[in-house]
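S.K.: Sharing protein04.pdb, PDB, C-alpha atoms:
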ATOM      1  CA  MET V   1      27.746   9.630   6.995
ATOM      2  CA  LEU V   2      24.490  10.144   8.858
ATOM      3  CA  HIS V   3      24.293  13.772   7.729
ATOM      4  CA  GLU V   4      24.711  12.639   4.120
ATOM      5  CA  LEU V   5      21.731  10.292   4.466
ATOM      6  CA  ILE V   6      19.638  13.048   6.008
ATOM      7  CA  ASN V   7      20.591  15.622   3.359
ATOM      8  CA  GLN V   8      20.065  13.405   0.305
ATOM      9  CA  LYS V   9      16.648  13.790  -1.333
ATOM     10  CA  ASP V  10      16.502  10.817  -3.692
ATOM     11  CA  PHE V  11      15.361   8.134  -1.231
ATOM     12  CA  LYS V  12      12.761   9.613   1.100
ATOM     13  CA  TYR V  13      12.261   6.490   3.246
ATOM     14  CA  LEU V  14      15.997   6.111   3.785
ATOM     15  CA  ARG V  15      16.054   9.780   4.721
ATOM     16  CA  ALA V  16      13.182   9.292   7.193
ATOM     17  CA  LEU V  17      14.966   6.316   8.758
ATOM     18  CA  ALA V  18      18.188   8.340   9.097
ATOM     19  CA  ILE V  19      16.228  11.192  10.705
ATOM     20  CA  LEU V  20      14.666   8.794  13.227
ATOM     21  CA  TYR V  21      18.066   7.262  14.025
ATOM     22  CA  PHE V  22      19.576  10.739  14.408
ATOM     23  CA  ARG V  23      16.786  11.699  16.819
ATOM     24  CA  LEU V  24      17.416   8.547  18.864
ATOM     25  CA  THR V  25      21.183   8.886  19.146
ATOM     26  CA  GLN V  26      22.256  12.537  19.107
ATOM     27  CA  ALA V  27      22.362  15.434  21.586
ATOM     28  CA  SER V  28      19.497  17.928  21.768
ATOM     29  CA  VAL V  29      21.411  20.849  20.244
ATOM     30  CA  ASP V  30      22.505  18.759  17.251
ATOM     31  CA  ILE V  31      18.956  17.452  16.806
ATOM     32  CA  TYR V  32      17.444  20.929  16.607
ATOM     33  CA  GLN V  33      20.185  22.260  14.319
ATOM     34  CA  THR V  34      19.904  19.336  11.908
ATOM     35  CA  LEU V  35      16.180  18.594  11.891
ATOM     36  CA  GLU V  36      14.612  22.066  11.954
ATOM     37  CA  PRO V  37      15.683  22.908   8.370
ATOM     38  CA  LEU V  38      13.702  19.832   7.291
ATOM     39  CA  TYR V  39      10.457  21.668   8.114
ATOM     40  CA  GLU V  40      10.747  22.896   4.511
ATOM     41  CA  ASP V  41      10.566  19.357   3.061
ATOM     42  CA  PHE V  42       6.995  18.540   2.039
ATOM     43  CA  SER V  43       7.575  15.146   0.421
ATOM     44  CA  LYS V  44       4.948  12.518   1.165
ATOM     45  CA  LEU V  45       5.526   9.399   3.244
ATOM     46  CA  ARG V  46       3.151   6.495   3.599
ATOM     47  CA  MET V  47       3.102   5.435   7.245
ATOM     48  CA  ARG V  48       1.191   2.737   9.058
ATOM     49  CA  GLY V  49      -1.115   4.113  11.756
ATOM     50  CA  ASP V  50      -2.072   2.647  15.118
ATOM     51  CA  GLY V  51      -4.916   0.611  13.626
ATOM     52  CA  GLY V  52      -2.763  -0.864  10.866
ATOM     53  CA  GLU V  53      -4.089   1.395   8.109
ATOM     54  CA  PHE V  54      -1.766   3.484   5.977
ATOM     55  CA  GLU V  55      -1.865   7.255   6.021
ATOM     56  CA  ILE V  56      -0.045   9.976   4.117
ATOM     57  CA  VAL V  57       2.302  12.057   6.269
ATOM     58  CA  ARG V  58       4.510  14.829   4.958
ATOM     59  CA  MET V  59       8.184  14.904   5.938
ATOM     60  CA  ASP V  60       7.736  18.174   7.847
ATOM     61  CA  GLU V  61       4.983  16.541   9.940
ATOM     62  CA  PHE V  62       7.240  13.569  10.628
ATOM     63  CA  VAL V  63      10.056  15.866  11.794
ATOM     64  CA  ASP V  64       7.606  17.831  13.932
ATOM     65  CA  THR V  65       6.465  14.592  15.574
ATOM     66  CA  LEU V  66      10.067  13.664  16.337
ATOM     67  CA  LEU V  67      10.719  17.055  17.913
ATOM     68  CA  ARG V  68       7.496  17.340  19.924
ATOM     69  CA  GLU V  69       6.161  13.904  20.822
ATOM     70  CA  LYS V  70       7.402  11.273  23.271
ATOM     71  CA  GLN V  71       6.810   8.413  20.847
ATOM     72  CA  ALA V  72       7.156   8.013  17.082
ATOM     73  CA  CYS V  73       6.936   4.941  14.831
ATOM     74  CA  PHE V  74       6.046   2.827  17.882
ATOM     75  CA  VAL V  75       9.391   3.774  19.479
ATOM     76  CA  THR V  76       9.714   5.706  22.725
ATOM     77  CA  LEU V  77      12.045   8.628  22.079
ATOM     78  CA  PRO V  78      14.694   9.868  24.526
ATOM     79  CA  VAL V  79      13.856  13.055  26.394
ATOM     80  CA  LEU V  80      14.736  16.119  24.340
ATOM     81  CA  THR V  81      15.778  19.314  26.103
ATOM     82  CA  ARG V  82      13.269  22.063  25.337
ATOM     83  CA  ARG V  83      14.361  24.467  22.656
ATOM     84  CA  MET V  84      13.572  27.474  24.856
ATOM     85  CA  ALA V  85      15.956  26.203  27.555
ATOM     86  CA  LEU V  86      18.737  25.820  24.976
ATOM     87  CA  GLU V  87      18.056  29.343  23.703
ATOM     88  CA  ASP V  88      18.181  30.734  27.260
ATOM     89  CA  THR V  89      21.591  29.152  27.878
ATOM     90  CA  GLY V  90      22.918  30.431  24.549
ATOM     91  CA  GLN V  91      23.407  26.996  22.979
ATOM     92  CA  LEU V  92      20.916  27.754  20.192
ATOM     93  CA  ALA V  93      20.006  30.950  18.401
ATOM     94  CA  PRO V  94      16.304  31.878  18.453
ATOM     95  CA  ARG V  95      14.435  30.177  15.632
ATOM     96  CA  ILE V  96      13.064  32.449  12.922
ATOM     97  CA  SER V  97      10.009  30.971  11.277
ATOM     98  CA  PRO V  98       9.643  31.283   7.498
ATOM     99  CA  LEU V  99       6.154  32.615   8.244
ATOM    100  CA  ASP V 100       7.673  35.525  10.172
ATOM    101  CA  GLU V 101       9.968  36.324   7.260
ATOM    102  CA  ASN V 102       7.022  36.456   4.833
ATOM    103  CA  SER V 103       4.975  38.814   7.032
ATOM    104  CA  ASP V 104       7.859  41.316   7.195
ATOM    105  CA  SER V 105       8.060  41.637   3.410
ATOM    106  CA  GLU V 106       4.378  42.589   2.989
TER
END
For this file, write the structure as structure tokens.
M.R.:
Amino acid sequence: MLHELINQKDFKYLRALAILYFRLTQASVDIYQTLEPLYEDFSKLRMRGDGGEFEIVRMDEFVDTLLREKQACFVTLPVLTRRMALEDTGQLAPRISPLDENSDSE
């Protein structure tokens, strides 16, 4: 059910909420495998900043915040095992950036 909410593209705020919930409740390997493909989603979200003002944040920035920061949306996130450690133990394959793919074709 949670994967369906994350993969649907019609309701971006529901999707963002599902992504945040997934980040809060799932294991590190599952988080990386599910959230990293969302780096290719550039839809806009309006989010309230620290001072109460609204700012435009793209979905890929939101996902990056969830994967890198200790706090998001005024919520302290659980510790996430570093991706490099998961790659070293063989739990995750090395990530290939879309930027790397484009430089090879030139």
S.K.: Any chance you could resolve the PyMOL selection byres ((chain V and resi 84) around 12) against this file and give the residues as number ranges by chain?
M.R.: V: 28-29, 32, 80-83, 85-95
S.K.: Quick one: pull the distance between CA of Pro98 (chain V) and CA of Asp30 (chain V), Å, one decimal.
M.R.: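 Between these atoms lies a distance of 20.4 Å.
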S.K.: Pick out the residues sitting within 12 Å of Leu14 (chain V), and hand them over as a list in words; count only C-alpha atoms, and ignore anything fewer than 4 positions along from it in its own chain.
M.R.: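 What passes the distance filter is Leu2, His3, Glu4, Leu5, Ile6, Asn7, Gln8, Lys9, Asp10, Ala18, Ile19, Leu20, Tyr21, Leu45 and Met59 of chain V.
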S.K.: Export C-alpha atoms of the chosen residues as an mmCIF file, keeping the file's coordinate frame?
M.R.:
data_model
loop_
_atom_site.group_PDB
_atom_site.id
_atom_site.type_symbol
_atom_site.label_atom_id
_atom_site.label_comp_id
_atom_site.auth_asym_id
_atom_site.auth_seq_id
_atom_site.Cartn_x
_atom_site.Cartn_y
_atom_site.Cartn_z
ATOM 1 C CA LEU V 2 24.490 10.144 8.858
ATOM 2 C CA HIS V 3 24.293 13.772 7.729
ATOM 3 C CA GLU V 4 24.711 12.639 4.120
ATOM 4 C CA LEU V 5 21.731 10.292 4.466
ATOM 5 C CA ILE V 6 19.638 13.048 6.008
ATOM 6 C CA ASN V 7 20.591 15.622 3.359
ATOM 7 C CA GLN V 8 20.065 13.405 0.305
ATOM 8 C CA LYS V 9 16.648 13.790 -1.333
ATOM 9 C CA ASP V 10 16.502 10.817 -3.692
ATOM 10 C CA ALA V 18 18.188 8.340 9.097
ATOM 11 C CA ILE V 19 16.228 11.192 10.705
ATOM 12 C CA LEU V 20 14.666 8.794 13.227
ATOM 13 C CA TYR V 21 18.066 7.262 14.025
ATOM 14 C CA LEU V 45 5.526 9.399 3.244
ATOM 15 C CA MET V 59 8.184 14.904 5.938
#
S.K.: CA of Glu40 (chain V) to CA of Phe54 (chain V): how many Å, to one decimal?
M.R.: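 Calculated distance between CA of Glu40 (chain V) and CA of Phe54 (chain V) is 23.1 Å.
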S.K.: Go ahead and compute the interatomic distance for CA of Gly49 (chain V) and CA of Phe74 (chain V), in Å to one decimal.
M.R.: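 One can read the CA of Gly49 (chain V) to CA of Phe74 (chain V) distance as 9.5 Å.
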S.K.: Please provide as an mmCIF file with C-alpha atoms, in the frame of the given file all residues within 12 Å of Ala72 (chain V), with the sequence filter that same-chain residues fewer than 5 positions apart are discarded (counting all atoms listed in the file).
M.R.:
data_model
loop_
_atom_site.group_PDB
_atom_site.id
_atom_site.type_symbol
_atom_site.label_atom_id
_atom_site.label_comp_id
_atom_site.auth_asym_id
_atom_site.auth_seq_id
_atom_site.Cartn_x
_atom_site.Cartn_y
_atom_site.Cartn_z
ATOM 1 C CA ALA V 16 13.182 9.292 7.193
ATOM 2 C CA LEU V 17 14.966 6.316 8.758
ATOM 3 C CA ILE V 19 16.228 11.192 10.705
ATOM 4 C CA LEU V 20 14.666 8.794 13.227
ATOM 5 C CA TYR V 21 18.066 7.262 14.025
ATOM 6 C CA ARG V 23 16.786 11.699 16.819
ATOM 7 C CA LEU V 24 17.416 8.547 18.864
ATOM 8 C CA MET V 47 3.102 5.435 7.245
ATOM 9 C CA ARG V 48 1.191 2.737 9.058
ATOM 10 C CA GLY V 49 -1.115 4.113 11.756
ATOM 11 C CA ASP V 50 -2.072 2.647 15.118
ATOM 12 C CA GLU V 61 4.983 16.541 9.940
ATOM 13 C CA PHE V 62 7.240 13.569 10.628
ATOM 14 C CA VAL V 63 10.056 15.866 11.794
ATOM 15 C CA ASP V 64 7.606 17.831 13.932
ATOM 16 C CA THR V 65 6.465 14.592 15.574
ATOM 17 C CA LEU V 66 10.067 13.664 16.337
ATOM 18 C CA LEU V 67 10.719 17.055 17.913
ATOM 19 C CA LEU V 77 12.045 8.628 22.079
ATOM 20 C CA PRO V 78 14.694 9.868 24.526
#
S.K.: What does region 2-59 of chain V look like written to a file with C-alpha atoms, as a PDB file, in the first residue's frame?
M.R.:
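Final output, saved to result-v7.pdb:
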ATOM      1  CA  LEU V   2       2.755   2.422   0.941  1.00  0.00           C
ATOM      2  CA  HIS V   3       4.627   1.715  -2.295  1.00  0.00           C
ATOM      3  CA  GLU V   4       1.463   2.499  -4.260  1.00  0.00           C
ATOM      4  CA  LEU V   5       1.211   5.908  -2.579  1.00  0.00           C
ATOM      5  CA  ILE V   6       4.860   6.623  -3.304  1.00  0.00           C
ATOM      6  CA  ASN V   7       4.629   5.529  -6.951  1.00  0.00           C
ATOM      7  CA  GLN V   8       1.426   7.399  -7.824  1.00  0.00           C
ATOM      8  CA  LYS V   9       1.996  10.798  -9.447  1.00  0.00           C
ATOM      9  CA  ASP V  10      -1.444  12.399  -9.286  1.00  0.00           C
ATOM     10  CA  PHE V  11      -1.332  13.742  -5.717  1.00  0.00           C
ATOM     11  CA  LYS V  12       2.122  15.149  -5.029  1.00  0.00           C
ATOM     12  CA  TYR V  13       1.491  16.111  -1.384  1.00  0.00           C
ATOM     13  CA  LEU V  14       0.126  12.663  -0.582  1.00  0.00           C
ATOM     14  CA  ARG V  15       3.202  11.245  -2.276  1.00  0.00           C
ATOM     15  CA  ALA V  16       5.495  13.492  -0.205  1.00  0.00           C
ATOM     16  CA  LEU V  17       3.729  12.431   2.996  1.00  0.00           C
ATOM     17  CA  ALA V  18       4.088   8.747   2.053  1.00  0.00           C
ATOM     18  CA  ILE V  19       7.793   9.295   1.322  1.00  0.00           C
ATOM     19  CA  LEU V  20       8.302  10.923   4.733  1.00  0.00           C
ATOM     20  CA  TYR V  21       6.433   8.091   6.473  1.00  0.00           C
ATOM     21  CA  PHE V  22       8.476   5.517   4.545  1.00  0.00           C
ATOM     22  CA  ARG V  23      11.696   7.246   5.625  1.00  0.00           C
ATOM     23  CA  LEU V  24      10.549   7.197   9.258  1.00  0.00           C
ATOM     24  CA  THR V  25       9.506   3.553   9.397  1.00  0.00           C
ATOM     25  CA  GLN V  26      11.576   1.423   7.019  1.00  0.00           C
ATOM     26  CA  ALA V  27      15.054  -0.144   6.997  1.00  0.00           C
ATOM     27  CA  SER V  28      17.981   1.671   5.387  1.00  0.00           C
ATOM     28  CA  VAL V  29      18.312  -0.670   2.399  1.00  0.00           C
ATOM     29  CA  ASP V  30      14.610  -0.348   1.553  1.00  0.00           C
ATOM     30  CA  ILE V  31      14.804   3.437   1.933  1.00  0.00           C
ATOM     31  CA  TYR V  32      17.652   3.782  -0.554  1.00  0.00           C
ATOM     32  CA  GLN V  33      16.101   1.349  -3.044  1.00  0.00           C
ATOM     33  CA  THR V  34      12.715   3.071  -2.960  1.00  0.00           C
ATOM     34  CA  LEU V  35      13.628   6.742  -2.634  1.00  0.00           C
ATOM     35  CA  GLU V  36      16.655   7.081  -4.922  1.00  0.00           C
ATOM     36  CA  PRO V  37      14.612   6.635  -8.135  1.00  0.00           C
ATOM     37  CA  LEU V  38      12.595   9.672  -7.014  1.00  0.00           C
ATOM     38  CA  TYR V  39      15.613  11.901  -7.724  1.00  0.00           C
ATOM     39  CA  GLU V  40      14.124  12.058 -11.235  1.00  0.00           C
ATOM     40  CA  ASP V  41      10.869  13.665 -10.019  1.00  0.00           C
ATOM     41  CA  PHE V  42      11.052  17.445 -10.396  1.00  0.00           C
ATOM     42  CA  SER V  43       7.500  18.343  -9.371  1.00  0.00           C
ATOM     43  CA  LYS V  44       7.165  21.425  -7.191  1.00  0.00           C
ATOM     44  CA  LEU V  45       6.081  21.406  -3.557  1.00  0.00           C
ATOM     45  CA  ARG V  46       5.219  24.431  -1.481  1.00  0.00           C
ATOM     46  CA  MET V  47       6.757  23.989   1.963  1.00  0.00           C
ATOM     47  CA  ARG V  48       6.756  26.193   5.022  1.00  0.00           C
ATOM     48  CA  GLY V  49      10.252  27.280   6.066  1.00  0.00           C
ATOM     49  CA  ASP V  50      11.686  27.867   9.525  1.00  0.00           C
ATOM     50  CA  GLY V  51      10.463  31.466   9.620  1.00  0.00           C
ATOM     51  CA  GLY V  52       6.919  30.566   8.589  1.00  0.00           C
ATOM     52  CA  GLU V  53       7.282  31.698   4.976  1.00  0.00           C
ATOM     53  CA  PHE V  54       6.509  29.377   2.092  1.00  0.00           C
ATOM     54  CA  GLU V  55       9.165  28.272  -0.350  1.00  0.00           C
ATOM     55  CA  ILE V  56       9.160  26.165  -3.496  1.00  0.00           C
ATOM     56  CA  VAL V  57      11.012  22.863  -3.143  1.00  0.00           C
ATOM     57  CA  ARG V  58      11.259  20.249  -5.860  1.00  0.00           C
ATOM     58  CA  MET V  59      10.500  16.617  -5.025  1.00  0.00           C
TER      59      MET V  59
END
